[in-house]
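Coordinates from run26.txt are shown below (compact mmCIF, C-alpha atoms and all ligand atoms).
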# COMPACT_ATOMS: atom_id res chain seq x y z
CA MET A 11 -17.58 18.63 8.47
CA ASN A 12 -13.98 19.62 9.28
CA LEU A 13 -11.64 17.45 7.19
CA GLN A 14 -8.58 18.55 9.17
CA GLU A 15 -10.18 17.35 12.43
CA ILE A 16 -11.00 13.97 10.89
CA ALA A 17 -7.42 13.70 9.59
CA ASN A 18 -6.03 14.55 13.04
CA GLU A 19 -8.23 11.91 14.65
CA LEU A 20 -7.03 9.22 12.23
CA TYR A 21 -3.42 10.34 12.75
CA ARG A 22 -3.75 10.09 16.54
CA HIS A 23 -5.22 6.59 16.33
CA GLN A 24 -2.47 5.47 13.99
CA GLN A 25 0.23 6.96 16.25
CA LYS A 26 -1.21 5.29 19.36
CA ALA A 27 -2.15 2.06 17.56
CA GLU A 28 -5.70 2.36 18.84
CA GLU A 29 -8.59 1.22 16.70
CA MET A 30 -11.57 3.51 16.08
CA GLU A 31 -15.09 3.43 14.65
CA LYS A 32 -15.17 4.01 10.91
CA ILE A 33 -15.64 7.68 10.15
CA THR A 34 -18.61 7.17 7.80
CA LEU A 35 -20.70 6.22 10.85
CA ARG A 36 -20.49 9.93 11.77
CA TYR A 37 -19.97 11.55 8.37
CA ASP A 38 -22.17 9.78 5.88
CA GLY A 39 -21.89 12.44 3.17
CA LEU A 40 -18.14 11.95 2.77
CA THR A 41 -17.10 11.88 -0.92
CA VAL A 42 -14.10 10.11 -2.44
CA GLU A 43 -12.54 13.56 -3.00
CA ASP A 44 -13.05 14.44 0.70
CA ALA A 45 -11.46 11.13 1.66
CA TYR A 46 -8.33 11.79 -0.42
CA GLN A 47 -8.14 15.28 1.15
CA ILE A 48 -8.28 13.70 4.62
CA GLN A 49 -5.53 11.26 3.57
CA ARG A 50 -3.34 14.16 2.44
CA LEU A 51 -3.97 16.16 5.62
CA ASN A 52 -3.22 13.08 7.73
CA ILE A 53 0.10 12.57 5.91
CA ASP A 54 0.90 16.29 6.21
CA ASN A 55 0.86 15.78 9.99
CA ALA A 56 3.59 13.14 9.61
CA LEU A 57 5.59 15.33 7.23
CA ARG A 58 5.45 18.21 9.72
CA SER A 59 6.88 15.82 12.34
CA GLY A 60 9.92 15.20 10.12
CA ASP A 61 8.82 12.22 8.04
CA ARG A 62 9.34 12.09 4.24
CA LEU A 63 7.17 10.97 1.34
CA ALA A 64 8.89 7.83 -0.01
CA GLY A 65 6.35 6.91 -2.67
CA TRP A 66 2.90 5.53 -3.32
CA LYS A 67 0.91 2.34 -2.95
CA MET A 68 -2.00 1.00 -4.89
CA GLY A 69 -4.72 -0.93 -3.08
CA LEU A 70 -7.81 -2.88 -4.03
CA THR A 71 -6.06 -3.95 -7.22
CA SER A 72 -7.49 -7.47 -7.26
CA LYS A 73 -11.06 -8.33 -8.23
CA ALA A 74 -11.49 -10.19 -4.92
CA LYS A 75 -10.61 -7.12 -2.83
CA GLN A 76 -12.73 -4.81 -4.99
CA VAL A 77 -15.71 -7.11 -4.54
CA SER A 78 -15.18 -7.26 -0.77
CA VAL A 79 -15.36 -3.43 -0.54
CA GLY A 80 -18.06 -3.17 -3.26
CA VAL A 81 -16.06 -1.05 -5.74
CA ASN A 82 -14.70 -1.52 -9.23
CA GLU A 83 -11.60 0.63 -9.16
CA PRO A 84 -8.39 0.63 -7.14
CA ILE A 85 -7.35 3.25 -4.60
CA TYR A 86 -4.02 4.81 -3.75
CA GLY A 87 -2.17 5.72 -0.57
CA ARG A 88 1.02 7.49 0.44
CA LEU A 89 4.17 5.72 1.62
CA LEU A 90 6.31 7.45 4.23
CA ALA A 91 10.02 6.83 4.81
CA SER A 92 9.15 5.72 8.37
CA MET A 93 7.01 2.87 6.97
CA GLU A 94 9.95 1.17 5.25
CA LEU A 95 11.50 -1.74 7.14
CA SER A 96 15.26 -1.99 6.83
CA LYS A 97 15.38 -5.59 8.00
CA SER A 98 13.04 -8.49 8.04
CA THR A 99 11.91 -8.28 11.66
CA VAL A 100 8.37 -6.98 12.08
CA HIS A 101 7.55 -5.54 15.51
CA LEU A 102 3.88 -5.80 16.39
CA HIS A 103 4.18 -2.94 18.88
CA GLY A 104 2.63 0.13 17.20
CA LEU A 105 0.34 -1.95 14.99
CA ILE A 106 -3.32 -2.83 15.66
CA HIS A 107 -4.23 -5.93 13.63
CA PRO A 108 -1.60 -6.21 10.90
CA ARG A 109 -1.82 -8.37 7.78
CA LEU A 110 0.86 -9.07 5.21
CA GLU A 111 0.65 -9.38 1.44
CA PRO A 112 3.21 -9.97 -1.34
CA GLU A 113 3.69 -7.18 -3.85
CA ILE A 114 5.86 -6.10 -6.76
CA ALA A 115 7.57 -2.74 -6.23
CA PHE A 116 8.76 -0.33 -8.93
CA VAL A 117 11.44 2.32 -8.36
CA PHE A 118 11.74 5.25 -10.77
CA ASN A 119 14.51 7.39 -12.21
CA LYS A 120 12.26 9.88 -14.05
CA ARG A 121 9.12 11.80 -13.18
CA LEU A 122 5.84 10.21 -14.28
CA GLU A 123 2.86 12.50 -14.56
CA GLY A 124 -0.31 13.28 -16.43
CA PRO A 125 -3.60 11.71 -17.44
CA LYS A 126 -2.26 10.10 -20.61
CA VAL A 127 0.65 8.07 -19.24
CA THR A 128 1.11 4.67 -20.93
CA PRO A 129 2.84 1.40 -19.95
CA ARG A 130 5.67 2.40 -22.31
CA ASP A 131 6.18 5.65 -20.38
CA VAL A 132 6.29 3.63 -17.16
CA TRP A 133 8.95 1.22 -18.45
CA LEU A 134 11.08 4.12 -19.73
CA ALA A 135 10.94 5.75 -16.28
CA THR A 136 11.60 2.56 -14.28
CA GLU A 137 15.01 2.12 -12.68
CA CYS A 138 14.30 -1.33 -11.23
CA VAL A 139 11.64 -3.74 -10.03
CA MET A 140 11.83 -5.55 -6.68
CA PRO A 141 9.95 -8.26 -4.83
CA ALA A 142 8.29 -6.69 -1.79
CA VAL A 143 5.78 -7.23 0.99
CA GLU A 144 3.31 -4.77 2.43
CA ILE A 145 1.97 -4.86 5.97
CA ILE A 146 -1.47 -3.31 6.02
CA ASP A 147 -3.17 -2.27 9.26
CA SER A 148 -6.57 -0.64 9.16
CA ARG A 149 -7.18 1.83 11.96
CA TYR A 150 -10.85 0.76 11.97
CA LYS A 151 -12.42 -1.80 14.28
CA ASN A 152 -12.50 -5.30 12.82
CA PHE A 153 -10.66 -4.12 9.67
CA SER A 154 -14.10 -3.08 8.46
CA PHE A 155 -14.67 0.00 6.29
CA THR A 156 -16.33 1.53 3.24
CA LEU A 157 -14.42 2.93 0.27
CA THR A 158 -14.22 6.47 1.69
CA ASP A 159 -13.17 5.22 5.14
CA VAL A 160 -10.24 3.26 3.75
CA ILE A 161 -9.06 6.06 1.44
CA ALA A 162 -9.06 8.51 4.37
CA ASP A 163 -7.07 5.94 6.38
CA ASN A 164 -4.29 6.06 3.75
CA ALA A 165 -5.39 2.77 2.17
CA SER A 166 -4.49 0.89 5.40
CA SER A 167 -0.77 1.60 4.86
CA ALA A 168 1.52 0.61 7.73
CA LYS A 169 4.89 -0.91 6.76
CA PHE A 170 6.69 -2.33 3.75
CA LEU A 171 9.86 -4.18 2.93
CA VAL A 172 11.57 -4.47 -0.44
CA ALA A 173 14.01 -7.27 -1.28
CA ASP A 174 17.77 -6.72 -1.11
CA GLN A 175 18.03 -7.66 -4.78
CA ALA A 176 16.69 -5.32 -7.48
CA TYR A 177 15.92 -6.53 -11.01
CA SER A 178 15.93 -4.94 -14.43
CA PRO A 179 12.37 -4.10 -15.55
CA TYR A 180 13.07 -6.39 -18.54
CA GLN A 181 14.23 -9.34 -16.44
CA SER A 182 10.85 -10.93 -16.33
CA GLN A 183 7.27 -11.02 -17.44
CA TRP A 184 5.97 -9.50 -14.22
CA ASP A 185 2.41 -10.69 -14.79
CA GLN A 186 3.72 -14.29 -14.91
CA ILE A 187 5.71 -14.18 -11.67
CA GLY A 188 4.42 -16.84 -9.31
CA VAL A 189 4.40 -16.23 -5.56
CA VAL A 190 4.06 -18.71 -2.70
CA MET A 191 3.48 -17.33 0.80
CA ARG A 192 4.08 -19.64 3.77
CA LYS A 193 3.48 -19.10 7.47
CA ASN A 194 5.41 -21.32 9.86
CA GLY A 195 6.11 -23.67 6.94
CA GLU A 196 2.51 -24.02 5.79
CA VAL A 197 1.43 -22.69 2.39
CA MET A 198 -1.11 -19.92 3.09
CA GLN A 199 -1.50 -18.22 -0.29
CA THR A 200 -0.32 -18.54 -3.88
CA GLY A 201 -0.76 -16.13 -6.78
CA THR A 202 0.75 -14.54 -9.87
CA GLY A 203 1.54 -10.97 -10.88
CA ALA A 204 -1.49 -10.92 -13.17
CA ALA A 205 -3.68 -10.65 -10.05
CA VAL A 206 -2.62 -6.99 -9.98
CA LEU A 207 -4.92 -5.38 -12.56
CA GLY A 208 -3.81 -7.94 -15.17
CA HIS A 209 -0.20 -6.70 -15.03
CA PRO A 210 1.59 -4.67 -12.29
CA VAL A 211 2.62 -2.03 -14.86
CA ARG A 212 -1.10 -1.22 -15.26
CA SER A 213 -1.22 -0.39 -11.58
CA VAL A 214 1.48 2.26 -12.04
CA VAL A 215 -0.38 3.68 -15.05
CA GLU A 216 -3.60 3.95 -13.01
CA LEU A 217 -1.75 5.48 -10.06
CA VAL A 218 -0.21 8.21 -12.21
CA GLN A 219 -3.59 8.99 -13.77
CA MET A 220 -5.35 9.03 -10.39
CA ILE A 221 -2.84 11.28 -8.58
CA HIS A 222 -2.96 13.68 -11.52
CA ARG A 223 -6.42 14.65 -10.15
CA GLU A 224 -4.53 16.12 -7.16
CA ALA A 225 -1.93 17.64 -9.58
CA LEU A 226 0.68 15.22 -8.18
CA SER A 227 3.25 12.98 -9.84
CA VAL A 228 5.59 10.08 -9.18
CA GLU A 229 9.05 11.56 -8.61
CA PRO A 230 12.49 10.08 -9.35
CA GLY A 231 13.65 7.86 -6.49
CA MET A 232 10.13 7.04 -5.35
CA VAL A 233 8.90 3.51 -4.78
CA VAL A 234 5.46 2.29 -5.85
CA LEU A 235 3.86 -0.80 -4.34
CA THR A 236 1.61 -2.04 -7.10
CA GLY A 237 -0.90 -4.10 -5.06
CA GLY A 238 -1.39 -7.41 -3.32
CA ILE A 239 -0.67 -10.51 -5.43
CA THR A 240 -2.61 -12.70 -2.99
CA GLU A 241 -5.00 -12.20 -0.09
CA ALA A 242 -3.29 -10.76 2.98
CA ILE A 243 -2.58 -13.03 5.97
CA HIS A 244 -2.84 -12.18 9.67
CA LEU A 245 0.38 -11.76 11.65
CA TYR A 246 0.93 -12.96 15.22
CA GLU A 247 3.90 -12.94 17.58
CA GLY A 248 6.31 -15.79 16.83
CA ASP A 249 5.21 -16.26 13.22
CA GLU A 250 7.76 -16.75 10.49
CA VAL A 251 6.47 -15.73 7.07
CA THR A 252 8.32 -16.61 3.87
CA VAL A 253 7.35 -15.23 0.48
CA LEU A 254 8.94 -16.96 -2.50
CA PHE A 255 8.97 -15.07 -5.82
CA ASP A 256 9.63 -17.39 -8.82
CA GLY A 257 13.30 -17.18 -9.72
CA MET A 258 13.79 -14.08 -7.54
CA GLY A 259 14.47 -15.47 -4.12
CA GLU A 260 12.54 -15.36 -0.92
CA LEU A 261 11.65 -12.68 1.63
CA VAL A 262 11.68 -14.07 5.19
CA LEU A 263 9.96 -12.13 7.98
CA GLU A 264 10.13 -12.79 11.70
CA ILE A 265 7.20 -11.43 13.66
CA GLU A 266 8.11 -10.21 17.15
CA ALA A 267 6.16 -8.52 19.91
CA SER A 268 8.27 -5.38 20.26
O1 LIG A 301 -2.96 -2.71 -0.05
C1 LIG A 301 -4.16 -2.94 -0.15
O2 LIG A 301 -4.69 -3.53 -1.12
C2 LIG A 301 -5.05 -2.51 0.98
C3 LIG A 301 -6.04 -1.52 0.50
C4 LIG A 301 -7.07 -1.28 1.54
C5 LIG A 301 -7.97 -2.42 1.76
C6 LIG A 301 -7.47 -3.31 2.85
O3 LIG A 301 -7.05 -2.80 3.90
O4 LIG A 301 -7.55 -4.53 2.66
MG MG A 302 -1.09 -3.65 -0.62
Show me, as structure tokens, the structure contained in the file I just sent.
Amino acid sequence: MNLQEIANELYRHQQKAEEMEKITLRYDGLTVEDAYQIQRLNIDNALRSGDRLAGWKMGLTSKAKQVSVGVNEPIYGRLLASMELSKSTVHLHGLIHPRLEPEIAFVFNKRLEGPKVTPRDVWLATECVMPAVEIIDSRYKNFSFTLTDVIADNASSAKFLVADQAYSPYQSQWDQIGVVMRKNGEVMQTGTGAAVLGHPVRSVVELVQMIHREALSVEPGMVVLTGGITEAIHLYEGDEVTVLFDGMGELVLEIEAS
């Protein structure tokens, strides 16, 4: 099994926005470690083309998502600078079957590393916290995958947007933040920060411990998306999605064809 070839195949499908069969249909012995290697090799292709590592994302951080994939721990993925939206228009061109979910993002001013990191370490290294949304887009047919498939596919990462306004880490109890997501005026999902592993800071702790297995760390200036606060919703041309974060304003996204 050639991990580089699998990574190249996933990269090509992501670049062309063409769905593919899940890789475990062909490689059933794939381990979680292999899958993270494929993820890294896939991202290395983007870095060689001039992209930049902007940070990390945590996925499968809610019980509901873990149950749907049949696992009991979260996963992580890499965020590239090219994934960050600078304005609130989402272009469907280049995406396969995108979905959107509200998240809380952390931005850091110190390195975070090691297997023993604590929530206190995370707060001391946090520059600010921001409301955010992630657009996930599995490269697999029907958004259907096993744990190793989705890890290799960079945890379905596609795009993300952080709010214009940043907040002090101490501004709020982030596990208590309520979120209401509407599509075309209709409430689609509601949730609170506690849906993310009990508290979004826990997600950062787990991320730092997990990437330590690859001898990696969260670097100053990086952003971390801590995980979906609600289920993700499908996006279609012409949709307007608003995500209201209690006391922290609203993100408004216009979904356009290209
Ligand atoms: O951000 C996420 O929680 C997505 C992780 C991968 C699973 C999915 O695509 O729903
Ligand atoms: Mg997410």
For this session: All residues within 7 Å of ligand MG 302 (chain A) are required, counting only C-alpha atoms and all ligand atoms; please report them as a ChimeraX atom specification.
Result: /A:67-69,111,113,144,146,235,237-238
For this session: Residues within 10 Å of ligand LIG 301 (chain A) should be enumerated using only C-alpha atoms and all ligand atoms and returned as a ChimeraX atom specification.
Result: /A:67-72,75-76,78-79,84-87,108-113,143-150,153-157,159-161,163-168,206,235-242
Problem set entry | Polymer residues at most 6 Å from Leu90 of chain A, all atoms listed in the file, same-chain spacing of 3 or more positions, as a ChimeraX atom specification | /A:62-64,93
Exercise. Please, which residues are within 12 Å of (13.4, -13.3, 12.7) by the file's coordinates, counting only C-alpha atoms, and could they come as a list in words?
Worked result: Lys97, Ser98, Thr99, Val100, His101, Asn194, Glu247, Gly248, Asp249, Glu250, Val251, Thr252, Leu261, Val262, Leu263, Glu264, Ile265, Glu266 and Ala267 of chain A
Seminar exercise, completed: Correct to one decimal, the distance atom CA of Ser59 of chain A-atom CA of Ala27 of chain A is 17.3 Å
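We find atom CA of Gln183 of chain A and atom CA of Gly231 of chain A to be spaced 22.7 Å apart.
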Build an axis-aligned box that encloses every atom of segment 115-129 of chain A listed in the file, pad it by 8 Å on each side, and report its centre and edge lengths in Å to one decimal, as JSON.
{"center_x": 5.5, "center_y": 5.3, "center_z": -13.6, "size_x": 34.1, "size_y": 32.0, "size_z": 30.7}
For this session: Quick one: pull the distance between atom CA of Val172 of chain A and atom CA of Leu254 of chain A, Å, one decimal.
Result: 12.9 Å
Exercise. Can you list, as number ranges by chain, every protein, DNA or RNA residue that comes within 6 Å of segment 123-138 of chain A when you count all atoms listed in the file, leaving out same-chain residues fewer than 2 positions away?
Worked result: A: 117-120, 176-179, 218-219, 222, 227
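Using only C-alpha atoms, the nearest neighbour of Asp44 of chain A within the list A:Val234, A:Leu105, A:Ile187, A:Leu13 is A:Leu13.
Using all atoms listed in the file, the smallest distance between any of A:Ile114, A:Asn55, A:Leu171, A:Pro141 and Asn18 of chain A comes from A:Asn55.
Between Val253 of chain A and the candidates A:Thr200, A:Ser268, A:Gln47, A:Ser213, the tightest atom-to-atom separation, counting all atoms listed in the file, involves A:Thr200.
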Problem set entry | Expected residue set, 8 Å radius at (6.1, -18.1, -2.1), all atoms listed in the file, as a PyMOL selection string | chain A and resi 188-192+197+199-200+252-256+260
Exercise. Looking at only C-alpha atoms, which of A:Ile106, A:Ala115, A:Met258, A:Val228 is the one that sits closest to Gln181 of chain A?
Worked result: A:Met258
